[in-house]
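Coordinates from final_3.txt are shown below (compact mmCIF, C-alpha atoms and all ligand atoms).
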```
# COMPACT_ATOMS: atom_id res chain seq x y z
CA MET D 1 -3.16 -14.99 28.05
CA LEU D 2 -4.40 -18.03 26.18
CA GLU D 3 -6.09 -19.33 29.33
CA GLY D 4 -7.99 -16.07 29.76
CA ARG D 5 -6.14 -14.69 32.78
CA GLU D 6 -5.99 -11.28 31.09
CA GLY D 7 -9.66 -11.40 30.14
CA PRO D 8 -11.67 -12.67 27.16
CA ALA D 9 -10.52 -9.96 24.72
CA VAL D 10 -6.83 -10.83 25.11
CA GLN D 11 -7.69 -14.53 25.11
CA LYS D 12 -9.42 -14.14 21.74
CA ALA D 13 -6.41 -12.28 20.32
CA MET D 14 -4.04 -14.95 21.57
CA GLU D 15 -6.22 -17.71 20.16
CA ILE D 16 -5.89 -16.13 16.70
CA VAL D 17 -2.10 -15.75 17.06
CA VAL D 18 -1.70 -19.34 18.29
CA ALA D 19 -4.02 -20.75 15.61
CA LEU D 20 -1.84 -19.15 12.91
CA GLY D 21 1.26 -20.48 14.65
CA ASN D 22 -0.17 -24.00 14.67
CA ILE D 23 -1.19 -23.86 11.01
CA TYR D 24 2.27 -22.69 9.92
CA GLU D 25 4.17 -24.77 12.48
CA ALA D 26 5.82 -21.83 14.24
CA GLU D 27 8.29 -22.86 16.95
CA HIS D 28 7.81 -19.79 19.09
CA LEU D 29 6.19 -16.36 19.34
CA ALA D 30 8.01 -13.11 18.66
CA PRO D 31 7.28 -9.79 20.40
CA ILE D 32 6.31 -7.05 17.96
CA ALA D 33 7.27 -3.38 17.99
CA HIS D 34 4.40 -2.10 15.88
CA ALA D 35 1.23 -3.18 14.06
CA HIS D 36 -0.60 -1.81 11.06
CA VAL D 37 -4.25 -2.70 10.53
CA ALA D 38 -6.04 -2.69 7.16
CA GLY D 39 -9.75 -2.94 6.39
CA VAL D 40 -10.59 0.54 7.65
CA SER D 41 -12.90 1.93 4.97
CA TYR D 42 -16.58 1.47 5.75
CA LYS D 43 -16.87 0.49 2.08
CA ASN D 44 -14.83 -2.67 2.75
CA LEU D 45 -15.68 -3.28 6.39
CA GLY D 46 -19.46 -2.86 6.36
CA GLU D 47 -21.75 -3.41 9.34
CA ALA D 48 -20.52 -6.94 10.05
CA GLY D 49 -16.89 -5.81 10.35
CA LEU D 50 -17.89 -2.82 12.45
CA GLU D 51 -19.84 -5.05 14.84
CA PHE D 52 -16.81 -7.36 15.17
CA LEU D 53 -14.62 -4.39 16.20
CA ARG D 54 -17.18 -3.02 18.63
CA GLU D 55 -17.66 -6.37 20.34
CA TRP D 56 -13.93 -6.83 20.78
CA ALA D 57 -13.58 -3.31 22.21
CA ALA D 58 -16.54 -3.89 24.54
CA GLN D 59 -14.79 -6.99 25.89
CA GLY D 60 -11.92 -4.70 26.90
CA ALA D 61 -9.53 -5.23 23.98
CA ARG D 62 -6.76 -2.63 23.70
CA VAL D 63 -3.65 -2.69 21.53
CA ARG D 64 -0.43 -3.03 23.53
CA VAL D 65 1.97 -1.77 20.83
CA PRO D 66 1.76 1.38 18.68
CA THR D 67 -0.73 0.52 15.93
CA THR D 68 -1.62 2.51 12.83
CA LEU D 69 -4.51 2.32 10.39
CA ASN D 70 -4.71 1.93 6.64
CA PRO D 71 -6.61 4.54 4.59
CA ALA D 72 -10.23 5.21 5.49
CA GLY D 73 -13.00 5.74 2.97
CA LEU D 74 -12.70 9.52 2.86
CA ASP D 75 -10.59 12.54 3.70
CA LEU D 76 -11.35 12.90 7.39
CA ASP D 77 -10.71 16.65 7.42
CA ARG D 78 -12.19 17.82 4.14
CA TRP D 79 -14.73 15.21 3.09
CA GLU D 80 -17.58 17.64 2.69
CA ALA D 81 -15.65 20.09 0.49
CA ILE D 82 -14.40 17.24 -1.73
CA GLY D 83 -17.94 15.90 -2.17
CA PHE D 84 -18.00 12.64 -0.23
CA PRO D 85 -21.54 11.53 0.67
CA ALA D 86 -22.66 12.55 4.20
CA GLU D 87 -24.13 9.16 5.06
CA PHE D 88 -20.87 7.43 4.15
CA ALA D 89 -19.01 9.97 6.31
CA ARG D 90 -21.26 9.14 9.29
CA ASN D 91 -20.62 5.42 8.88
CA GLN D 92 -16.87 5.95 8.47
CA ALA D 93 -16.88 7.97 11.71
CA ARG D 94 -18.50 4.99 13.50
CA VAL D 95 -15.68 2.74 12.27
CA LEU D 96 -13.03 5.14 13.51
CA GLU D 97 -14.75 5.41 16.89
CA ALA D 98 -14.51 1.62 17.20
CA PHE D 99 -10.79 1.69 16.32
CA ASP D 100 -10.33 4.55 18.75
CA ALA D 101 -11.86 2.44 21.53
CA LEU D 102 -9.29 -0.25 20.70
CA GLY D 103 -6.49 2.31 21.13
CA LEU D 104 -5.33 2.67 17.52
CA ALA D 105 -3.59 5.81 16.26
CA GLN D 106 -5.72 7.22 13.47
CA LEU D 107 -3.02 7.95 10.92
CA CYS D 108 -4.97 6.33 8.06
CA THR D 109 -2.21 5.79 5.53
CA CYS D 110 -0.83 2.81 3.64
CA THR D 111 2.67 4.26 4.17
CA PRO D 112 3.06 4.35 7.95
CA TYR D 113 6.83 4.34 7.36
CA GLN D 114 6.50 7.88 5.96
CA VAL D 115 4.97 9.26 9.13
CA GLY D 116 7.30 8.14 11.88
CA HIS D 117 6.66 4.40 12.06
CA VAL D 118 9.87 3.02 10.60
CA PRO D 119 10.69 -0.40 12.04
CA ALA D 120 14.38 -1.13 12.46
CA MET D 121 16.20 -3.77 10.47
CA GLY D 122 15.36 -7.20 11.88
CA GLU D 123 12.54 -5.88 14.08
CA HIS D 124 9.32 -7.90 14.16
CA VAL D 125 6.09 -6.11 13.30
CA ALA D 126 2.60 -7.27 12.30
CA TRP D 127 1.45 -5.35 9.25
CA ALA D 128 -1.56 -5.80 7.04
CA GLU D 129 -1.71 -3.91 3.69
CA SER D 130 0.34 -5.82 1.16
CA SER D 131 2.16 -2.78 -0.26
CA ALA D 132 3.35 -1.74 3.21
CA VAL D 133 4.30 -5.31 4.11
CA ILE D 134 6.58 -5.76 1.11
CA TYR D 135 8.10 -2.31 1.71
CA ALA D 136 8.78 -3.10 5.38
CA ASN D 137 10.39 -6.44 4.56
CA SER D 138 12.31 -5.40 1.47
CA VAL D 139 13.33 -1.76 1.87
CA LEU D 140 13.46 -1.50 5.67
CA GLY D 141 14.60 -5.04 6.43
CA ALA D 142 11.93 -5.42 9.11
CA ARG D 143 10.10 -8.72 9.55
CA THR D 144 6.41 -9.21 8.96
CA ASN D 145 4.18 -11.73 7.27
CA ARG D 146 1.31 -10.49 5.19
CA GLU D 147 -1.27 -10.27 7.92
CA GLY D 148 -4.98 -9.96 7.33
CA GLY D 149 -6.76 -7.10 9.12
CA PRO D 150 -7.98 -9.29 12.03
CA GLY D 151 -4.58 -11.04 12.27
CA ALA D 152 -2.72 -7.74 12.61
CA LEU D 153 -5.22 -6.51 15.18
CA ALA D 154 -4.94 -9.73 17.17
CA ALA D 155 -1.14 -9.41 17.15
CA ALA D 156 -1.42 -5.79 18.32
CA ILE D 157 -3.68 -6.82 21.22
CA ALA D 158 -1.49 -9.80 22.13
CA GLY D 159 1.74 -7.86 21.50
CA ARG D 160 3.27 -10.75 19.60
CA VAL D 161 3.08 -12.89 16.48
CA ALA D 162 3.76 -16.50 15.69
CA ALA D 163 7.30 -16.62 14.31
CA TYR D 164 7.04 -18.34 10.95
CA GLY D 165 7.52 -17.34 7.30
CA LEU D 166 9.21 -13.97 6.94
CA HIS D 167 9.85 -13.68 10.68
CA ILE D 168 12.58 -16.32 10.47
CA ASP D 169 15.82 -16.39 8.45
CA ALA D 170 14.83 -19.45 6.43
CA GLY D 171 11.73 -17.70 5.13
CA ARG D 172 13.72 -14.75 3.79
CA ALA D 173 16.06 -16.63 1.45
CA PRO D 174 15.56 -15.92 -2.26
CA THR D 175 13.48 -18.53 -4.11
CA HIS D 176 13.72 -16.87 -7.55
CA ILE D 177 16.39 -14.74 -9.24
CA ILE D 178 14.90 -12.04 -11.45
CA ASP D 179 17.36 -11.16 -14.17
CA VAL D 180 16.27 -7.77 -15.53
CA ARG D 181 17.58 -7.24 -19.06
CA CYS D 182 15.56 -4.23 -20.14
CA PRO D 183 15.81 -0.59 -19.15
CA LEU D 184 13.49 0.79 -16.45
CA ARG D 185 12.78 4.34 -17.55
CA ASP D 186 10.27 5.52 -14.97
CA GLU D 187 8.04 4.42 -12.10
CA ALA D 188 5.46 2.94 -14.50
CA ASP D 189 8.16 0.56 -15.77
CA PHE D 190 8.92 -0.47 -12.18
CA GLY D 191 5.21 -1.13 -11.63
CA ALA D 192 4.95 -3.14 -14.85
CA LEU D 193 8.03 -5.16 -13.85
CA GLY D 194 6.57 -5.83 -10.41
CA TYR D 195 3.24 -6.93 -11.79
CA LEU D 196 4.70 -9.36 -14.32
CA ILE D 197 7.06 -10.85 -11.72
CA GLY D 198 4.18 -11.27 -9.29
CA GLU D 199 2.17 -13.06 -11.95
CA ARG D 200 5.04 -15.39 -12.78
CA MET D 201 6.16 -16.14 -9.22
CA LYS D 202 2.82 -16.23 -7.37
CA GLN D 203 4.72 -16.80 -4.12
CA GLY D 204 8.24 -16.96 -2.69
CA VAL D 205 11.05 -14.40 -2.30
CA ALA D 206 12.43 -12.48 -5.30
CA TYR D 207 16.07 -11.47 -5.79
CA PHE D 208 16.42 -8.83 -8.50
CA ARG D 209 19.61 -8.54 -10.50
CA GLY D 210 20.43 -6.16 -13.33
CA ILE D 211 18.76 -3.02 -11.98
CA ASP D 212 21.17 -0.10 -11.85
CA PRO D 213 20.96 1.23 -8.26
CA GLN D 214 21.44 4.76 -9.64
CA THR D 215 18.12 4.53 -11.52
CA ILE D 216 16.03 3.63 -8.49
CA ALA D 217 14.29 6.62 -6.95
CA PRO D 218 12.86 5.70 -3.51
CA HIS D 219 9.24 5.84 -4.71
CA CYS D 220 10.09 3.35 -7.48
CA LEU D 221 10.69 0.65 -4.87
CA LYS D 222 7.33 1.51 -3.30
CA LEU D 223 5.57 1.09 -6.66
CA LEU D 224 7.56 -2.02 -7.59
CA GLY D 225 6.66 -3.74 -4.33
CA ALA D 226 3.01 -2.72 -4.44
CA ALA D 227 2.70 -4.17 -7.95
CA ILE D 228 4.37 -7.48 -7.01
CA ALA D 229 2.12 -7.83 -3.98
CA THR D 230 -0.95 -7.07 -6.09
CA ALA D 231 -0.29 -9.90 -8.50
CA SER D 232 0.95 -12.46 -5.97
CA ALA D 233 1.48 -13.50 -2.37
CA VAL D 234 5.14 -12.38 -2.59
CA ALA D 235 5.93 -10.15 0.40
CA LEU D 236 9.70 -9.74 0.16
CA CYS D 237 12.01 -8.83 -2.69
CA HIS D 238 15.72 -8.20 -2.45
CA VAL D 239 17.36 -5.90 -4.98
CA GLU D 240 21.07 -6.47 -5.52
CA GLY D 241 23.13 -3.54 -4.28
CA VAL D 242 20.05 -1.71 -3.00
CA THR D 243 17.95 -3.39 -0.31
CA PRO D 244 19.52 -3.88 3.13
CA GLU D 245 19.73 -7.66 3.31
CA ALA D 246 21.20 -7.85 -0.21
CA ARG D 247 23.70 -5.16 0.74
CA ALA D 248 24.55 -7.11 3.88
CA GLY D 249 25.59 -10.08 1.75
CA LEU D 250 22.46 -12.22 1.36
CA GLU D 251 22.65 -14.05 -1.96
CA PRO D 252 20.59 -16.71 -3.72
CA SER D 253 21.88 -20.21 -3.19
CA PRO D 254 23.27 -22.12 -6.20
CA GLY D 255 20.49 -23.59 -8.36
CA THR D 256 17.91 -20.93 -7.53
CA PRO D 257 15.55 -20.69 -10.55
CA VAL D 258 16.04 -17.66 -12.78
CA ILE D 259 13.32 -15.61 -14.47
CA GLU D 260 14.66 -13.47 -17.31
CA VAL D 261 12.83 -10.27 -18.13
CA ALA D 262 13.60 -8.95 -21.61
CA ASP D 263 10.60 -6.61 -21.91
CA LEU D 264 7.72 -5.35 -19.78
CA ASP D 265 4.76 -5.92 -22.13
CA GLU D 266 3.29 -8.65 -19.96
CA GLY D 267 3.19 -6.29 -16.98
CA ARG D 268 1.21 -3.61 -18.80
CA ARG D 269 -1.56 -5.32 -20.81
CA ILE D 270 -3.88 -2.34 -20.37
CA SER D 271 -5.64 -0.53 -23.19
CA ASN D 272 -3.68 2.48 -24.37
CA ALA D 273 -6.43 3.81 -26.66
CA PRO D 274 -7.26 7.52 -26.49
CA LEU D 275 -9.84 8.31 -23.83
CA ASP D 276 -11.40 11.35 -22.16
CA ILE D 277 -10.25 11.21 -18.54
CA ASP D 278 -12.32 12.33 -15.52
CA LEU D 279 -9.73 11.76 -12.83
CA VAL D 280 -5.94 11.62 -12.69
CA TRP D 281 -4.65 9.85 -9.58
CA VAL D 282 -1.15 9.97 -8.09
CA GLY D 283 -0.36 8.40 -4.72
CA CYS D 284 -0.94 4.64 -4.65
CA PRO D 285 0.70 3.77 -2.29
CA HIS D 286 0.35 7.17 -0.64
CA ALA D 287 2.55 9.83 -2.24
CA THR D 288 5.89 10.93 -0.83
CA LEU D 289 6.83 14.58 -0.57
CA ASP D 290 9.20 14.09 -3.52
CA GLU D 291 6.39 12.74 -5.68
CA ILE D 292 4.21 15.72 -4.76
CA ALA D 293 7.08 18.04 -5.64
CA ALA D 294 7.45 16.24 -8.99
CA VAL D 295 3.76 16.81 -9.76
CA VAL D 296 4.17 20.52 -9.03
CA SER D 297 7.27 20.75 -11.19
CA LEU D 298 5.59 18.94 -14.13
CA LEU D 299 2.45 21.09 -13.85
CA ASP D 300 4.64 24.16 -13.99
CA GLY D 301 1.73 26.42 -13.11
CA ARG D 302 -0.68 25.05 -15.76
CA LYS D 303 -4.37 24.48 -14.99
CA VAL D 304 -5.77 20.96 -15.07
CA ALA D 305 -8.80 19.99 -17.18
CA THR D 306 -9.51 16.77 -15.24
CA ASP D 307 -9.89 16.29 -11.53
CA LEU D 308 -6.44 15.63 -10.06
CA TRP D 309 -6.09 13.70 -6.81
CA VAL D 310 -2.76 13.30 -5.07
CA THR D 311 -3.48 10.98 -2.17
CA THR D 312 -1.22 10.87 0.84
CA ALA D 313 -1.00 10.80 4.62
CA ARG D 314 -2.41 13.78 6.51
CA GLU D 315 1.07 14.56 7.87
CA ILE D 316 2.63 14.58 4.39
CA ARG D 317 -0.14 16.90 3.18
CA ALA D 318 0.74 19.25 6.04
CA GLN D 319 4.43 19.11 5.07
CA ALA D 320 3.47 19.80 1.44
CA ALA D 321 1.53 22.82 2.65
CA GLY D 322 4.58 24.03 4.55
CA ARG D 323 6.70 23.87 1.39
CA GLY D 324 4.16 25.64 -0.82
CA LEU D 325 3.42 22.46 -2.80
CA LEU D 326 -0.21 22.26 -1.68
CA ALA D 327 -0.87 25.84 -2.76
CA ALA D 328 0.75 25.16 -6.14
CA ILE D 329 -1.37 22.06 -6.78
CA GLU D 330 -4.54 23.84 -5.69
CA ALA D 331 -3.70 26.84 -7.90
CA SER D 332 -3.59 24.41 -10.83
CA GLY D 333 -7.01 23.05 -9.87
CA GLY D 334 -5.77 19.79 -8.29
CA GLN D 335 -6.16 18.50 -4.74
CA ILE D 336 -4.01 16.76 -2.16
CA ILE D 337 -6.38 14.37 -0.43
CA SER D 338 -5.40 12.68 2.80
CA ASN D 339 -6.45 9.59 4.76
CA THR D 340 -7.99 7.81 1.76
CA CYS D 341 -7.50 6.67 -1.85
CA VAL D 342 -9.47 6.00 -5.03
CA VAL D 343 -9.78 2.28 -4.30
CA VAL D 344 -11.23 2.52 -0.79
CA ALA D 345 -13.27 5.71 -1.28
CA PRO D 346 -16.79 5.52 -2.73
CA VAL D 347 -15.72 7.22 -5.98
CA GLU D 348 -18.35 5.32 -7.96
CA VAL D 349 -21.02 7.55 -6.42
CA MET D 350 -18.95 10.69 -7.12
CA GLY D 351 -19.52 10.54 -10.87
CA TYR D 352 -16.08 9.37 -12.06
CA LYS D 353 -16.04 6.95 -14.98
CA THR D 354 -12.46 7.10 -16.30
CA MET D 355 -9.12 7.42 -14.53
CA ALA D 356 -5.40 7.51 -15.32
CA THR D 357 -2.76 6.60 -12.74
CA ASN D 358 0.91 5.60 -12.47
CA SER D 359 0.16 2.84 -9.97
CA ARG D 360 -0.06 -0.70 -11.31
CA LYS D 361 -1.86 -1.62 -8.11
CA GLY D 362 -4.40 1.16 -8.65
CA ILE D 363 -4.91 -0.03 -12.22
CA TYR D 364 -5.63 -3.55 -10.99
CA PHE D 365 -8.17 -2.60 -8.31
CA ALA D 366 -9.92 0.53 -9.60
CA PRO D 367 -12.06 -1.18 -12.27
CA GLY D 368 -13.47 -3.74 -9.81
CA HIS D 369 -13.70 -1.57 -6.71
CA ALA D 370 -14.80 1.68 -8.32
CA GLY D 371 -16.05 0.72 -11.79
CA LEU D 372 -13.50 2.91 -13.57
CA GLU D 373 -12.06 2.53 -17.06
CA VAL D 374 -8.31 3.06 -16.62
CA ARG D 375 -5.11 4.11 -18.35
CA TYR D 376 -1.58 3.49 -17.07
CA GLY D 377 1.53 5.59 -17.55
CA SER D 378 4.32 7.63 -16.04
CA LEU D 379 3.88 10.70 -13.89
CA ALA D 380 4.84 12.90 -16.84
CA GLN D 381 2.11 11.30 -18.97
CA LEU D 382 -0.41 11.72 -16.16
CA VAL D 383 0.27 15.41 -15.77
CA GLU D 384 -0.08 16.00 -19.52
CA THR D 385 -3.36 14.08 -19.42
CA ALA D 386 -4.57 16.16 -16.48
CA VAL D 387 -3.81 19.35 -18.40
CA SER D 388 -5.36 18.26 -21.70
CA GLY D 389 -8.22 16.19 -20.26
CA ARG D 390 -7.50 13.35 -22.66
CA TRP D 391 -5.31 10.28 -22.71
CA GLU D 392 -3.64 10.55 -26.08
CA VAL D 393 -0.26 8.88 -26.25
CA ALA D 394 1.65 6.47 -24.11
CA SER D 395 4.95 4.81 -24.75
FE1 LIG A 1 -2.72 2.56 -0.54
FE2 LIG A 1 -5.12 2.67 -1.60
FE3 LIG A 1 -3.08 2.05 -3.10
S1 LIG A 1 -4.59 1.80 0.37
S2 LIG A 1 -1.67 1.01 -1.73
S3 LIG A 1 -3.41 4.02 -2.04
S4 LIG A 1 -5.07 1.07 -3.17
```
Any chance you could give the structure as structure tokens?
Amino acid sequence: MLEGREGPAVQKAMEIVVALGNIYEAEHLAPIAHAHVAGVSYKNLGEAGLEFLREWAAQGARVRVPTTLNPAGLDLDRWEAIGFPAEFARNQARVLEAFDALGLAQLCTCTPYQVGHVPAMGEHVAWAESSAVIYANSVLGARTNREGGPGALAAAIAGRVAAYGLHIDAGRAPTHIIDVRCPLRDEADFGALGYLIGERMKQGVAYFRGIDPQTIAPHCLKLLGAAIATASAVALCHVEGVTPEARAGLEPSPGTPVIEVADLDEGRRISNAPLDIDLVWVGCPHATLDEIAAVVSLLDGRKVATDLWVTTAREIRAQAAGRGLLAAIEASGGQIISNTCVVVAPVEVMGYKTMATNSRKGIYFAPGHAGLEVRYGSLAQLVETAVSGRWEVAS
């Protein structure tokens, strides 16, 4: 492959895989079962990225393992009704055509594990999208480094990765013990914890102690990991008694440095002042069916005064429709939007100026990517804000 016997497209993919292997001193390659490619929104990719994809496809590049896509810049099914600009929609369609030519499944979600792509424990995959990477490594026990978009695509075309970092046992050993000594009341606390740990660690592998397994709803691990990966290069965290490798007996070695967490203030550091809110956003990373059900239950039939976006995968939206959750959210004036999110969509041209969310990752990126003034809180706080139109109180 490296010598070009399978053509220039495969040769280019293999050159990228081998270059990474040389940089990180990998001893061998590992076959992958799945890949997940980020950098899908036209907003992030632009013409240069699109040209890169088209050229590779024109050379004959095709993925050789099932490969999914991160969120695109708009809801592919309902963009016009939601109010996305037509020109942006045309350009996004060109990007998806290029990915289609490369053979990628157009799932467009940052939670491929919710829609049938669940790697087995110990299986090698090549995932981009930091929140999905840390989920795959930590919660599923799969093995992936934090690939860039081109790196994941190259691995998908070559069908293998260089085995270094989190692909090998040595790379998965805890480098820091996180001793949690404060209560975690809701998902916003998990996000705040993740963000502060990311800021303190910067890199390495976390091993959390002191979190009561009974308090961890599945979506809390999703939000914890997304927040850690936002603030750092950390792509694996073990949680004592919860995550599979910790349950299988993996423990920190003696002398592993300990970070004590007595409160979560450092992880919040966001203005809590009252503010009129244009948009309430749930679903970063993309919402689970349980989170959607929780929104419906908290709304309890009330109308919203703000726009309310619940972002998720197209397949989860369809399941929500089947359970009556979509109809309930729409009856309240909210929307379940699929294939995209506030960070990768061109919301700055849609008139939004202020936003509240329960995602620490969303809070970090929305001001820079979409020019939004933000507020951070729990799902319960968000729903009250959506109903009143104003951010008033937060704990
Ligand atoms: Fe997913 Fe967008 Fe958040 S890609 S992790 S919903 S910023």
Item to complete: Please give me, as a list of chain:residue names, the residues lying within 7 Å of ligand LIG 1 (chain A) when counting only C-alpha atoms and all ligand atoms.
Response: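 Using only C-alpha atoms and all ligand atoms, everything at most 7 Å from ligand LIG 1 (chain A) comes to D:Asn70, D:Pro71, D:Thr109, D:Cys110, D:Ser131, D:Ala226, D:Gly283, D:Cys284, D:Pro285, D:His286, D:Thr311, D:Thr340, D:Cys341, D:Val342, D:Val343, D:Val344, D:Lys361, D:Gly362.
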Save the residues we just selected, C-alpha atoms, as a CSV table (one decimal), in the coordinates of the input?
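Dumped to out-v7.csv:
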```csv
chain,number,residue,atom,x,y,z
D,70,ASN,CA,-4.7,1.9,6.6
D,71,PRO,CA,-6.6,4.5,4.6
D,109,THR,CA,-2.2,5.8,5.5
D,110,CYS,CA,-0.8,2.8,3.6
D,131,SER,CA,2.2,-2.8,-0.3
D,226,ALA,CA,3.0,-2.7,-4.4
D,283,GLY,CA,-0.4,8.4,-4.7
D,284,CYS,CA,-0.9,4.6,-4.6
D,285,PRO,CA,0.7,3.8,-2.3
D,286,HIS,CA,0.4,7.2,-0.6
D,311,THR,CA,-3.5,11.0,-2.2
D,340,THR,CA,-8.0,7.8,1.8
D,341,CYS,CA,-7.5,6.7,-1.8
D,342,VAL,CA,-9.5,6.0,-5.0
D,343,VAL,CA,-9.8,2.3,-4.3
D,344,VAL,CA,-11.2,2.5,-0.8
D,361,LYS,CA,-1.9,-1.6,-8.1
D,362,GLY,CA,-4.4,1.2,-8.6
```
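The space between CA of Lys353 in chain D and CA of Ile329 in chain D spans 22.6 Å.
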Item to complete: Show which residues sit within 6 Å of range 6-15 of chain D, as an MDAnalysis selection string. Count only C-alpha atoms, and ignore same-chain residues fewer than 4 positions away.
Response: chainID D and resid 1:2 19 59:61 154 158
Practice prompt. Record the distance separating CA of Thr175 in chain D and CA of Ala227 in chain D, expressed in Å with one decimal.
Written response: 18.4 Å
Worksheet item: Of the candidates D:Ala320, D:Ala86, D:Ala231, D:Ile277, which one gets nearest to Glu291 in chain D if we count all atoms listed in the file?
Response: D:Ala320
Discussion item. I need the residue nearest Val40 in chain D from this list: D:Gly83, D:Gly149, D:Gly141, D:Pro119. Use only C-alpha atoms for the distance.
Written reply: D:Gly149
Discussion item. To one decimal place in Å, what is the distance between CA of Gly4 in chain D and CA of Leu166 in chain D?
Written reply: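 Calculated distance between CA of Gly4 in chain D and CA of Leu166 in chain D is 28.7 Å.
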Worksheet item: Can you list, as a list in words, every protein, DNA or RNA residue that comes within 12 Å of Glu97 in chain D when you count all atoms listed in the file, leaving out same-chain residues fewer than 5 positions away?
Response: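 Listed by chain and then number, they are Val40, Tyr42, Leu50, Glu51, Leu53, Arg54, Ala57, Arg90, Asn91, Gln92, Leu102, Gly103, Leu104, Ala105 and Gln106 of chain D.
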Check which residues of range 124-152 of chain D sit at most 12 Å from range 191-206 of chain D using only C-alpha atoms, and return one row each with the closest pair of atoms and their distance in Å to one decimal, ordered by chain and rising number, as a Markdown table.
```
| residue | atom | partner | partner_atom | distance |
| --- | --- | --- | --- | --- |
| D:Ser131 | CA | D:Gly194 | CA | 11.5 |
| D:Ile134 | CA | D:Val205 | CA | 10.3 |
| D:Asn137 | CA | D:Val205 | CA | 10.5 |
| D:Ser138 | CA | D:Ala206 | CA | 9.8 |
| D:Asn145 | CA | D:Gly204 | CA | 12.0 |
| D:Arg146 | CA | D:Gln203 | CA | 11.8 |
```
Worksheet item: For Val349 in chain D, which residue among D:Ala58, D:Phe88, D:Ser378, D:Ala26 is the nearest when counting only C-alpha atoms?
Response: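 Closest residue, counting only C-alpha atoms: D:Phe88.
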Discussion item. So that I can see what lies close to Asp300 in chain D, please list as a list in words the residues with an atom at most 10 Å from it, counting all atoms listed in the file and leaving out residues fewer than 3 positions away in the same chain.
Written reply: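 So the residues in contact are Ala294, Val295, Val296, Ser297, Lys303, Ala328, Ile329, Ser332 and Val383 of chain D.
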Worksheet item: Which residue out of D:Ala345, D:Ala155, D:Leu140, D:Ala217 has the minimum interatomic distance to Ala120 in chain D when all atoms listed in the file are used?
Response: D:Leu140
Worksheet entry | Thr215 in chain D surroundings by only C-alpha atoms, 12 Å radius, close-in-sequence under 4 positions cut, as a ChimeraX atom specification | /D:183-187,189-190,210-211,219-221,241-242
Worksheet item: Do you know which residues are at most 8 Å from His28 in chain D counting all atoms listed in the file, after dropping those on the same chain fewer than 3 positions away, and could you put them as an MDAnalysis selection string?
Response: chainID D and resid 21 162:163
Could you turn the residues from that selection into a file that holds C-alpha atoms, as a PDB file, keeping the file's coordinate frame?
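What ended up in out21.pdb:
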```
ATOM      1  CA  GLY D  21       1.260 -20.480  14.650  1.00  0.00           C
ATOM      2  CA  ALA D 162       3.760 -16.500  15.690  1.00  0.00           C
ATOM      3  CA  ALA D 163       7.300 -16.620  14.310  1.00  0.00           C
TER       4      ALA D 163
END
```
Range 361-369 of chain D rebuilt with N, CA, C and O atoms, output as a short mmCIF file (atom, residue, chain, number, x, y, z; two decimals), in the frame of the given file:
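What follows is the written file out06.cif:
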```
data_model
loop_
_atom_site.label_atom_id
_atom_site.label_comp_id
_atom_site.auth_asym_id
_atom_site.auth_seq_id
_atom_site.Cartn_x
_atom_site.Cartn_y
_atom_site.Cartn_z
N LYS D 361 -0.89 -1.11 -9.07
CA LYS D 361 -1.86 -1.62 -8.11
C LYS D 361 -3.20 -0.92 -8.30
O LYS D 361 -4.25 -1.54 -8.31
N GLY D 362 -3.16 0.40 -8.44
CA GLY D 362 -4.40 1.16 -8.65
C GLY D 362 -5.12 0.71 -9.91
O GLY D 362 -6.34 0.60 -9.95
N ILE D 363 -4.33 0.42 -10.95
CA ILE D 363 -4.91 -0.03 -12.22
C ILE D 363 -5.61 -1.38 -12.04
O ILE D 363 -6.65 -1.65 -12.62
N TYR D 364 -5.05 -2.21 -11.21
CA TYR D 364 -5.63 -3.55 -10.99
C TYR D 364 -6.96 -3.45 -10.23
O TYR D 364 -7.92 -4.11 -10.57
N PHE D 365 -6.99 -2.60 -9.18
CA PHE D 365 -8.17 -2.60 -8.31
C PHE D 365 -9.27 -1.63 -8.72
O PHE D 365 -10.44 -1.87 -8.44
N ALA D 366 -8.91 -0.51 -9.36
CA ALA D 366 -9.92 0.53 -9.60
C ALA D 366 -11.10 0.06 -10.46
O ALA D 366 -12.25 0.43 -10.17
N PRO D 367 -10.89 -0.75 -11.50
CA PRO D 367 -12.06 -1.18 -12.27
C PRO D 367 -13.06 -1.98 -11.42
O PRO D 367 -14.26 -1.72 -11.47
N GLY D 368 -12.57 -2.91 -10.62
CA GLY D 368 -13.47 -3.74 -9.81
C GLY D 368 -14.06 -3.01 -8.62
O GLY D 368 -15.24 -3.12 -8.33
N HIS D 369 -13.24 -2.22 -7.94
CA HIS D 369 -13.70 -1.57 -6.71
C HIS D 369 -14.48 -0.29 -6.99
O HIS D 369 -15.31 0.12 -6.19
#
```
